[in-house]
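**Student:** Got a structure for you, questions after.
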Amino acid sequence: MLEIKNLNASINNKEILKGLNISIKPGELHAIMGPNGSGKSTLANILSGKEGYKISGELMYQGKNLNEISIDERAQKGIFLAFQYPTEIPGVNTSNFLRTSLNKVRKAQGKKELDALSFLKIVKEKSNELGMDEKMLSRQLNVGFSGGEKKKNEILQMKILDPNLVILDETDSGLDIDALKIVADGVNSSRNNEKSFLVITHYQRLLNFIKPDFVHVLSDGKIIKSGTKELAMELEKTGYKGIN
Amino acid sequence: MLNFKINSSEIDKIGNFTKEEKNFRLKNLNYFNDNGFPNKKDEDWKFSDLKTIISKNFTKLDIQFAKSKKEKVDFIKDFEHNYIIITNGELSASDFRYEEKNKINLESFVNDNYSNEKENNPLINLNHALSNKGYYLEVKDNYKFKKILVIYYLFTEDLDENILNSKNKIRIGKNSELHLLEYLVNSSKQNFFNNVYEDVVLENSATLKNIYLQNNKSSGYFHKYSVNKLFTGSNYTSFIFPAGLKFNKLDLEFNLEGERSECNLQSASFIDNSEHQEIKTRVNHLSPNCKSHQKVKNVLNTEAKGVYQGKIFVKDVAQKTDAYQLSKAILLSESSEFNSKPELEIYADDVKCSHGSTSGNLDKDSIYYLMTRGLSQKESSKLLINGFLNEVVDSIKSNSIRNFIKTKLQTQLQNEHKKH
């Protein structure tokens, strides 16, 4: 699904990623953990196609070179990034936006666009699963949403767009334990042997609810250790400094 | 350069006037002839050099205009409404089928106030000197309109380098309420200048909700001066949606004369292709406990120029004033320009006054976010622009009218997006 080899990235002449390697197969869930400033969000941004980075190395998604694919095309090809800080967009109705987004993706994938009614059915069902208030959907996109509502809205989009590769950028930050469980359930119920996940997190806490197949430790722009979920437990005890 | 001096004999051609009225017209004609069209040396016009704009685009300005044939009206079908039809400034038809007719007075109007006060705006002088049409609408005391009133302002195909000077007067009686849609439909093919003087009075506890919508772009050059007097407890809400014209200046003055009177003004527009638009407001807080709220939003594309000059004046007696003004502009092109001049002049000490003005590009982070959801850059920009402007439309309370306005603006925006 995703093959990253010797990825280097810098922004404003500051090197952030320094030879990162990772390989994710269909159906796998990988967690990347690391201290502040280790390059976690940069990795997420680069995978989504955010501009402003100088990049070298190999970045392959489903056998294609990602560098040649624009941000919107990546989304249409099934890459989804759940933002750490979802952007507030005044004047744009959440439900209309979700439908526009879904139909863009469906159209690109050669599927029929959904009319308002069938869309409403899907969005109602999925938002209920996440315990979201339906009224939220008629509000302006992320405007005045609480931290938890914003994160749930990201997971809702993930469920609606049904991507192949999901990147969760610190989706657990700012969530209370109940919201965390709901978000984790949302992720777990989406898992199957075709979808891949890259879960970026600061704390081991999330991984109690979402069980990773592999855990990587990112430090100073490189993966310094890889293992299974036991590695996350170990990290919790020793801290990032204890790894090496 | 077009030398636009008007011979006093023109006034006799308009009609036979009493001595008082004729003197008033002559005096104002002299004021205008002394100044000519205002240019950027006038403080009130420093961002809108009308003299240059007129000279560039007109070879003449005909005061006389043969009465045109009756225009076919494309009535709004989205909601039931009363209507008035104004053709080239002249009252031509009306229908108040949903109302009690004895509560309403509508007649053709020329002028009834020959004040000696000198106006500082040459276009008002010009209007005072030459206005020969318009309407007077009165809603008598204690009457609430049951349905909205649409005023269709039609501009006919045969206009050609004419100047129209009209005066309109609206009075809303005590405890009365009127919802108004001023709907401008323009079929003219050639340039013309429309110069309007408007006088609005809201008596005690009267309510006026007004939407001003220019249906389409046109070759009209528009200037409107509007003076609004608000007495005790009255409430004026105004939404302004200009279509983008080669020249469009709305000069609006609100006098909050009575205690607890309130005015609320919001505007949203997309201007493009060398269009020029100015909204100038002056809100005079003259009594205690009054509120005023202004929000002006502009999106500007290639070579477009937008101006907002907003002044809030608070008289010493106007304690507990609550005044707010905000201007937001999005510039889509390097060649677009937005000028904002907020002004506060406060003589009372217990007031709440605030103003803000921002102008900038579309937010990059927002575009990035939308693109990660599969929307192209163009679609993302479009969504953000619509969202920016829709915020104003969304505060219209009536569903059917809000949807009507939304659809109209959407069509205008789609035409814009197609061009680029």
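By order in the structure tokens, chains are A, B, ...; within a chain, residues start at 1; ligands start at 1, following the order shown.
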Compile the contact shell of range 212-220 of chain B as a PDB file with C-alpha atoms, in the first residue's frame: residues with an atom at most 9 Å away, counting only C-alpha atoms, same-chain residues fewer than 5 positions apart removed.
**Tutor:**
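Output below, filename out.pdb:
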ATOM      1  CA  PHE B 155     -33.827  50.187 -16.592  1.00  0.00           C
ATOM      2  CA  LEU B 180     -38.915  45.501   1.330  1.00  0.00           C
ATOM      3  CA  LEU B 181     -36.938  43.968  -1.513  1.00  0.00           C
ATOM      4  CA  GLU B 182     -35.440  46.539  -3.844  1.00  0.00           C
ATOM      5  CA  TYR B 183     -34.764  44.567  -6.961  1.00  0.00           C
ATOM      6  CA  LEU B 184     -32.806  46.233  -9.750  1.00  0.00           C
ATOM      7  CA  VAL B 185     -33.143  44.725 -13.201  1.00  0.00           C
ATOM      8  CA  ASN B 186     -31.180  46.284 -15.957  1.00  0.00           C
ATOM      9  CA  SER B 187     -31.691  45.693 -19.674  1.00  0.00           C
ATOM     10  CA  SER B 188     -29.791  48.722 -20.919  1.00  0.00           C
ATOM     11  CA  LYS B 189     -27.168  48.129 -23.566  1.00  0.00           C
ATOM     12  CA  GLN B 190     -25.469  51.522 -23.465  1.00  0.00           C
ATOM     13  CA  ASN B 191     -23.942  53.493 -20.639  1.00  0.00           C
ATOM     14  CA  PHE B 192     -26.184  55.631 -18.498  1.00  0.00           C
ATOM     15  CA  PHE B 193     -25.947  57.324 -15.132  1.00  0.00           C
ATOM     16  CA  ASN B 194     -28.498  56.817 -12.399  1.00  0.00           C
ATOM     17  CA  SER B 238     -30.630  46.519   5.557  1.00  0.00           C
ATOM     18  CA  PHE B 239     -28.931  43.930   3.356  1.00  0.00           C
ATOM     19  CA  ILE B 240     -27.077  45.140   0.319  1.00  0.00           C
ATOM     20  CA  PHE B 241     -26.062  42.869  -2.561  1.00  0.00           C
ATOM     21  CA  PRO B 242     -24.564  44.876  -5.410  1.00  0.00           C
ATOM     22  CA  ALA B 243     -23.831  43.005  -8.638  1.00  0.00           C
ATOM     23  CA  GLY B 244     -20.621  44.781  -9.518  1.00  0.00           C
ATOM     24  CA  LEU B 245     -20.832  47.746 -11.887  1.00  0.00           C
ATOM     25  CA  LYS B 246     -18.403  50.020 -13.665  1.00  0.00           C
ATOM     26  CA  PHE B 247     -19.329  52.538 -11.014  1.00  0.00           C
ATOM     27  CA  ASN B 248     -21.519  52.015  -8.014  1.00  0.00           C
ATOM     28  CA  ILE B 405     -31.203  35.683  -2.714  1.00  0.00           C
ATOM     29  CA  LYS B 408     -29.416  34.807  -7.374  1.00  0.00           C
ATOM     30  CA  LEU B 409     -25.970  35.309  -5.885  1.00  0.00           C
ATOM     31  CA  GLN B 412     -23.879  35.657 -10.365  1.00  0.00           C
TER      32      GLN B 412
END
**Student:** So that I can see what lies close to Glu15 in chain A, please list as JSON, numbers by chain the residues with an atom at most 10 Å from it, counting only C-alpha atoms and leaving out residues fewer than 3 positions away in the same chain.
**Tutor:** {"A": [8, 9, 10, 11, 12, 18, 39, 53, 54, 55, 220, 221]}
**Student:** Write out the residues from the selection above, keeping C-alpha atoms, as an mmCIF file, in the first residue's frame.
**Tutor:**
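New file out-v4.cif:
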data_model
loop_
_atom_site.group_PDB
_atom_site.id
_atom_site.type_symbol
_atom_site.label_atom_id
_atom_site.label_comp_id
_atom_site.auth_asym_id
_atom_site.auth_seq_id
_atom_site.Cartn_x
_atom_site.Cartn_y
_atom_site.Cartn_z
ATOM 1 C CA ASN A 8 14.261 13.387 3.522
ATOM 2 C CA ALA A 9 12.236 16.528 3.976
ATOM 3 C CA SER A 10 13.064 20.078 4.887
ATOM 4 C CA ILE A 11 11.136 23.285 5.264
ATOM 5 C CA ASN A 12 12.726 26.750 5.208
ATOM 6 C CA LYS A 18 16.311 12.452 7.673
ATOM 7 C CA GLY A 39 8.760 14.953 12.523
ATOM 8 C CA TYR A 53 8.462 20.987 1.777
ATOM 9 C CA LYS A 54 11.619 20.083 -0.084
ATOM 10 C CA ILE A 55 11.514 16.337 -0.485
ATOM 11 C CA ASP A 220 14.968 13.284 15.017
ATOM 12 C CA GLY A 221 13.511 12.469 11.607
#
**Student:** Would you kindly return, as a PyMOL selection string, each protein, DNA or RNA residue with an atom no farther than 8 Å from any atom of Ser48 in chain A, considering only C-alpha atoms and excluding same-chain residues fewer than 4 positions away?
**Tutor:** (chain A and resi 44+71+74-75+79-81) or (chain B and resi 372)
**Student:** Ranking A:Gln62, A:Thr42, A:Asn93, A:Thr171 by minimum distance to chain B and counting only C-alpha atoms, which one comes first?
**Tutor:** A:Asn93
**Student:** Provide as number ranges by chain the residues of chain A at most 7 Å from chain B, counting only C-alpha atoms.
**Tutor:** A: 48, 50, 71-73, 75-76, 87, 89-92, 101, 104-105
**Student:** Please dump the current selection as a PDB file, in the first residue's frame; keep C-alpha atoms.
**Tutor:**
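Written file, out-v9.pdb:
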ATOM      1  CA  SER A  48      -1.317  14.349   2.142  1.00  0.00           C
ATOM      2  CA  LYS A  50       0.957  19.722   1.596  1.00  0.00           C
ATOM      3  CA  ILE A  71      -3.385  16.968  -2.943  1.00  0.00           C
ATOM      4  CA  ASP A  72      -6.923  16.538  -4.240  1.00  0.00           C
ATOM      5  CA  GLU A  73      -5.986  13.596  -6.472  1.00  0.00           C
ATOM      6  CA  ALA A  75      -7.715  12.140  -1.685  1.00  0.00           C
ATOM      7  CA  GLN A  76      -9.567  10.869  -4.725  1.00  0.00           C
ATOM      8  CA  THR A  87      -9.425  23.956  10.025  1.00  0.00           C
ATOM      9  CA  ILE A  89     -14.198  27.189   7.634  1.00  0.00           C
ATOM     10  CA  PRO A  90     -16.842  29.885   8.160  1.00  0.00           C
ATOM     11  CA  GLY A  91     -19.835  30.061   5.839  1.00  0.00           C
ATOM     12  CA  VAL A  92     -19.410  26.491   4.580  1.00  0.00           C
ATOM     13  CA  SER A 101     -16.292  15.881  -0.956  1.00  0.00           C
ATOM     14  CA  LYS A 104     -15.765  14.300  -5.855  1.00  0.00           C
ATOM     15  CA  VAL A 105     -14.130  11.140  -4.581  1.00  0.00           C
TER      16      VAL A 105
END
**Student:** Have a look at CA of Ser92 in chain B and CA of Val139 in chain B and let me know their distance in Å, one decimal.
**Tutor:**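 Going from CA of Ser92 in chain B over to CA of Val139 in chain B covers 19.1 Å.
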**Student:** Write out as a PDB file with N, CA and C atoms, in the first residue's frame each polymer residue whose atoms come within 10 Å of range 95-97 of chain B, counting only C-alpha atoms; drop sequence neighbours fewer than 4 positions from it.
**Tutor:**
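Wrote it out as part38.pdb, contents follow:
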ATOM      1  N   GLU B  80     -44.908  34.945  -2.597  1.00  0.00           N
ATOM      2  CA  GLU B  80     -45.974  35.917  -2.831  1.00  0.00           C
ATOM      3  C   GLU B  80     -45.512  37.291  -2.381  1.00  0.00           C
ATOM      4  N   HIS B  81     -45.861  38.297  -3.174  1.00  0.00           N
ATOM      5  CA  HIS B  81     -45.421  39.635  -2.788  1.00  0.00           C
ATOM      6  C   HIS B  81     -46.296  40.724  -3.403  1.00  0.00           C
ATOM      7  N   ASN B  82     -46.311  41.855  -2.760  1.00  0.00           N
ATOM      8  CA  ASN B  82     -46.859  43.072  -3.335  1.00  0.00           C
ATOM      9  C   ASN B  82     -45.760  43.654  -4.217  1.00  0.00           C
ATOM     10  N   TYR B  83     -46.138  44.554  -5.107  1.00  0.00           N
ATOM     11  CA  TYR B  83     -45.051  45.148  -5.879  1.00  0.00           C
ATOM     12  C   TYR B  83     -45.308  46.589  -6.289  1.00  0.00           C
ATOM     13  N   ILE B  84     -44.198  47.244  -6.584  1.00  0.00           N
ATOM     14  CA  ILE B  84     -44.209  48.571  -7.204  1.00  0.00           C
ATOM     15  C   ILE B  84     -43.237  48.447  -8.374  1.00  0.00           C
ATOM     16  N   ILE B  85     -43.589  49.044  -9.506  1.00  0.00           N
ATOM     17  CA  ILE B  85     -42.641  49.025 -10.618  1.00  0.00           C
ATOM     18  C   ILE B  85     -42.179  50.443 -10.905  1.00  0.00           C
ATOM     19  N   LYS B 101     -55.610  48.538   1.690  1.00  0.00           N
ATOM     20  CA  LYS B 101     -55.137  49.631   0.827  1.00  0.00           C
ATOM     21  C   LYS B 101     -55.226  51.007   1.486  1.00  0.00           C
ATOM     22  N   ILE B 104     -52.038  52.410   3.124  1.00  0.00           N
ATOM     23  CA  ILE B 104     -50.855  52.673   2.310  1.00  0.00           C
ATOM     24  C   ILE B 104     -51.110  53.849   1.396  1.00  0.00           C
ATOM     25  N   PHE B 145     -47.241  45.230   7.296  1.00  0.00           N
ATOM     26  CA  PHE B 145     -47.429  44.573   5.999  1.00  0.00           C
ATOM     27  C   PHE B 145     -47.516  43.057   6.197  1.00  0.00           C
ATOM     28  N   LYS B 147     -47.316  40.789   3.583  1.00  0.00           N
ATOM     29  CA  LYS B 147     -46.333  40.165   2.686  1.00  0.00           C
ATOM     30  C   LYS B 147     -45.266  41.184   2.338  1.00  0.00           C
ATOM     31  N   ILE B 148     -44.193  40.660   1.839  1.00  0.00           N
ATOM     32  CA  ILE B 148     -43.092  41.541   1.444  1.00  0.00           C
ATOM     33  C   ILE B 148     -43.513  42.419   0.255  1.00  0.00           C
ATOM     34  N   LEU B 149     -42.932  43.591   0.190  1.00  0.00           N
ATOM     35  CA  LEU B 149     -43.144  44.478  -0.953  1.00  0.00           C
ATOM     36  C   LEU B 149     -41.877  44.461  -1.806  1.00  0.00           C
ATOM     37  N   VAL B 150     -42.055  44.110  -3.087  1.00  0.00           N
ATOM     38  CA  VAL B 150     -40.897  44.137  -3.985  1.00  0.00           C
ATOM     39  C   VAL B 150     -40.986  45.390  -4.839  1.00  0.00           C
TER      40      VAL B 150
END
**Student:** Just want the 9 Å neighbourhood of range 138-154 of chain A, counted on only C-alpha atoms, with same-chain residues fewer than 5 positions away dropped. Output as number ranges by chain.
**Tutor:** A: 81-97, 127, 130-132, 159, 171-176, 179-180, 182-183, 186; B: 387
**Student:** Env of Thr237 in chain B: 6 Å cut, atoms = only C-alpha atoms, seq-sep filter 4 positions within chain, self excluded. Answer as number ranges by chain.
**Tutor:** B: 209, 263-265
**Student:** Would you please work out which residue, of A:Ile4, A:Val199, A:Ile32, A:Ile122, is nearest to Asn67 in chain A when using only C-alpha atoms?
**Tutor:**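 Counting only C-alpha atoms, the residue closest to Asn67 in chain A is A:Ile4.
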**Student:** For range 208-217 of chain A, find every residue with an atom within 9 Å (counting only C-alpha atoms), except residues of its own chain fewer than 3 positions away, and show them as a PyMOL selection string.
**Tutor:** chain A and resi 22+28-35+180-181+184-185+187-188+197+199+204-205+222-232+235+240+243
**Student:** Can you write just those residues out, C-alpha atoms, as an mmCIF file, in the first residue's frame?
**Tutor:**
data_model
loop_
_atom_site.group_PDB
_atom_site.id
_atom_site.type_symbol
_atom_site.label_atom_id
_atom_site.label_comp_id
_atom_site.auth_asym_id
_atom_site.auth_seq_id
_atom_site.Cartn_x
_atom_site.Cartn_y
_atom_site.Cartn_z
ATOM 1 C CA ILE A 22 8.467 2.495 6.368
ATOM 2 C CA GLU A 28 -2.030 -3.408 8.450
ATOM 3 C CA LEU A 29 -2.202 -0.783 11.136
ATOM 4 C CA HIS A 30 1.065 0.908 11.974
ATOM 5 C CA ALA A 31 1.583 3.295 14.838
ATOM 6 C CA ILE A 32 4.271 5.930 14.824
ATOM 7 C CA MET A 33 5.218 7.324 18.181
ATOM 8 C CA GLY A 34 7.718 9.973 18.970
ATOM 9 C CA PRO A 35 8.496 13.009 21.045
ATOM 10 C CA LEU A 180 -11.425 8.539 22.765
ATOM 11 C CA LYS A 181 -13.324 5.256 22.964
ATOM 12 C CA ALA A 184 -11.222 4.258 18.521
ATOM 13 C CA ASP A 185 -14.395 2.267 17.865
ATOM 14 C CA VAL A 187 -11.382 3.279 13.553
ATOM 15 C CA ASN A 188 -11.669 -0.366 14.652
ATOM 16 C CA PHE A 197 -3.729 2.747 8.777
ATOM 17 C CA VAL A 199 -1.654 6.159 13.442
ATOM 18 C CA GLN A 204 0.496 4.920 24.281
ATOM 19 C CA ARG A 205 -3.043 5.522 25.622
ATOM 20 C CA LYS A 222 14.311 8.774 11.566
ATOM 21 C CA ILE A 223 12.666 5.546 12.682
ATOM 22 C CA ILE A 224 14.990 4.408 15.435
ATOM 23 C CA LYS A 225 13.139 1.325 16.540
ATOM 24 C CA SER A 226 10.328 -0.866 15.204
ATOM 25 C CA GLY A 227 8.416 -3.634 16.875
ATOM 26 C CA THR A 228 4.963 -4.861 17.815
ATOM 27 C CA LYS A 229 2.542 -3.416 20.343
ATOM 28 C CA GLU A 230 4.806 -4.463 23.207
ATOM 29 C CA LEU A 231 7.168 -1.727 22.098
ATOM 30 C CA ALA A 232 4.501 0.840 22.899
ATOM 31 C CA LEU A 235 7.938 3.152 25.747
ATOM 32 C CA TYR A 240 11.540 8.098 24.628
ATOM 33 C CA ILE A 243 14.928 3.801 23.782
#
**Student:** Write down as a VMD selection string the residues of range 126-169 of chain B whose backbone DSSP state falls under strand (DSSP E or B).
**Tutor:** chain B and resid 133 to 139 144 148 to 155 162 to 169
**Student:** Put those residues in a file: C-alpha atoms, as a PDB file, in the first residue's frame.
**Tutor:**
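What landed in again-v2.pdb:
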ATOM      1  CA  LYS B 133     -39.382  61.662 -11.016  1.00  0.00           C
ATOM      2  CA  GLY B 134     -39.619  59.270  -8.151  1.00  0.00           C
ATOM      3  CA  TYR B 135     -42.138  57.961  -5.675  1.00  0.00           C
ATOM      4  CA  TYR B 136     -43.471  58.608  -2.227  1.00  0.00           C
ATOM      5  CA  LEU B 137     -44.472  55.558  -0.225  1.00  0.00           C
ATOM      6  CA  GLU B 138     -46.154  55.883   3.111  1.00  0.00           C
ATOM      7  CA  VAL B 139     -47.184  53.130   5.485  1.00  0.00           C
ATOM      8  CA  LYS B 144     -47.799  45.740   9.577  1.00  0.00           C
ATOM      9  CA  ILE B 148     -43.092  41.541   1.444  1.00  0.00           C
ATOM     10  CA  LEU B 149     -43.144  44.478  -0.953  1.00  0.00           C
ATOM     11  CA  VAL B 150     -40.897  44.137  -3.985  1.00  0.00           C
ATOM     12  CA  ILE B 151     -39.882  47.312  -5.750  1.00  0.00           C
ATOM     13  CA  TYR B 152     -38.806  46.437  -9.282  1.00  0.00           C
ATOM     14  CA  TYR B 153     -36.437  49.091 -10.540  1.00  0.00           C
ATOM     15  CA  LEU B 154     -36.297  48.553 -14.279  1.00  0.00           C
ATOM     16  CA  PHE B 155     -33.827  50.187 -16.592  1.00  0.00           C
ATOM     17  CA  ASN B 162     -28.647  59.522 -20.273  1.00  0.00           C
ATOM     18  CA  ILE B 163     -28.566  60.745 -16.740  1.00  0.00           C
ATOM     19  CA  LEU B 164     -31.566  59.898 -14.584  1.00  0.00           C
ATOM     20  CA  ASN B 165     -32.205  61.968 -11.483  1.00  0.00           C
ATOM     21  CA  SER B 166     -34.882  60.665  -9.188  1.00  0.00           C
ATOM     22  CA  LYS B 167     -36.030  61.197  -5.632  1.00  0.00           C
ATOM     23  CA  ASN B 168     -37.758  58.632  -3.492  1.00  0.00           C
ATOM     24  CA  LYS B 169     -39.277  59.045  -0.102  1.00  0.00           C
TER      25      LYS B 169
END
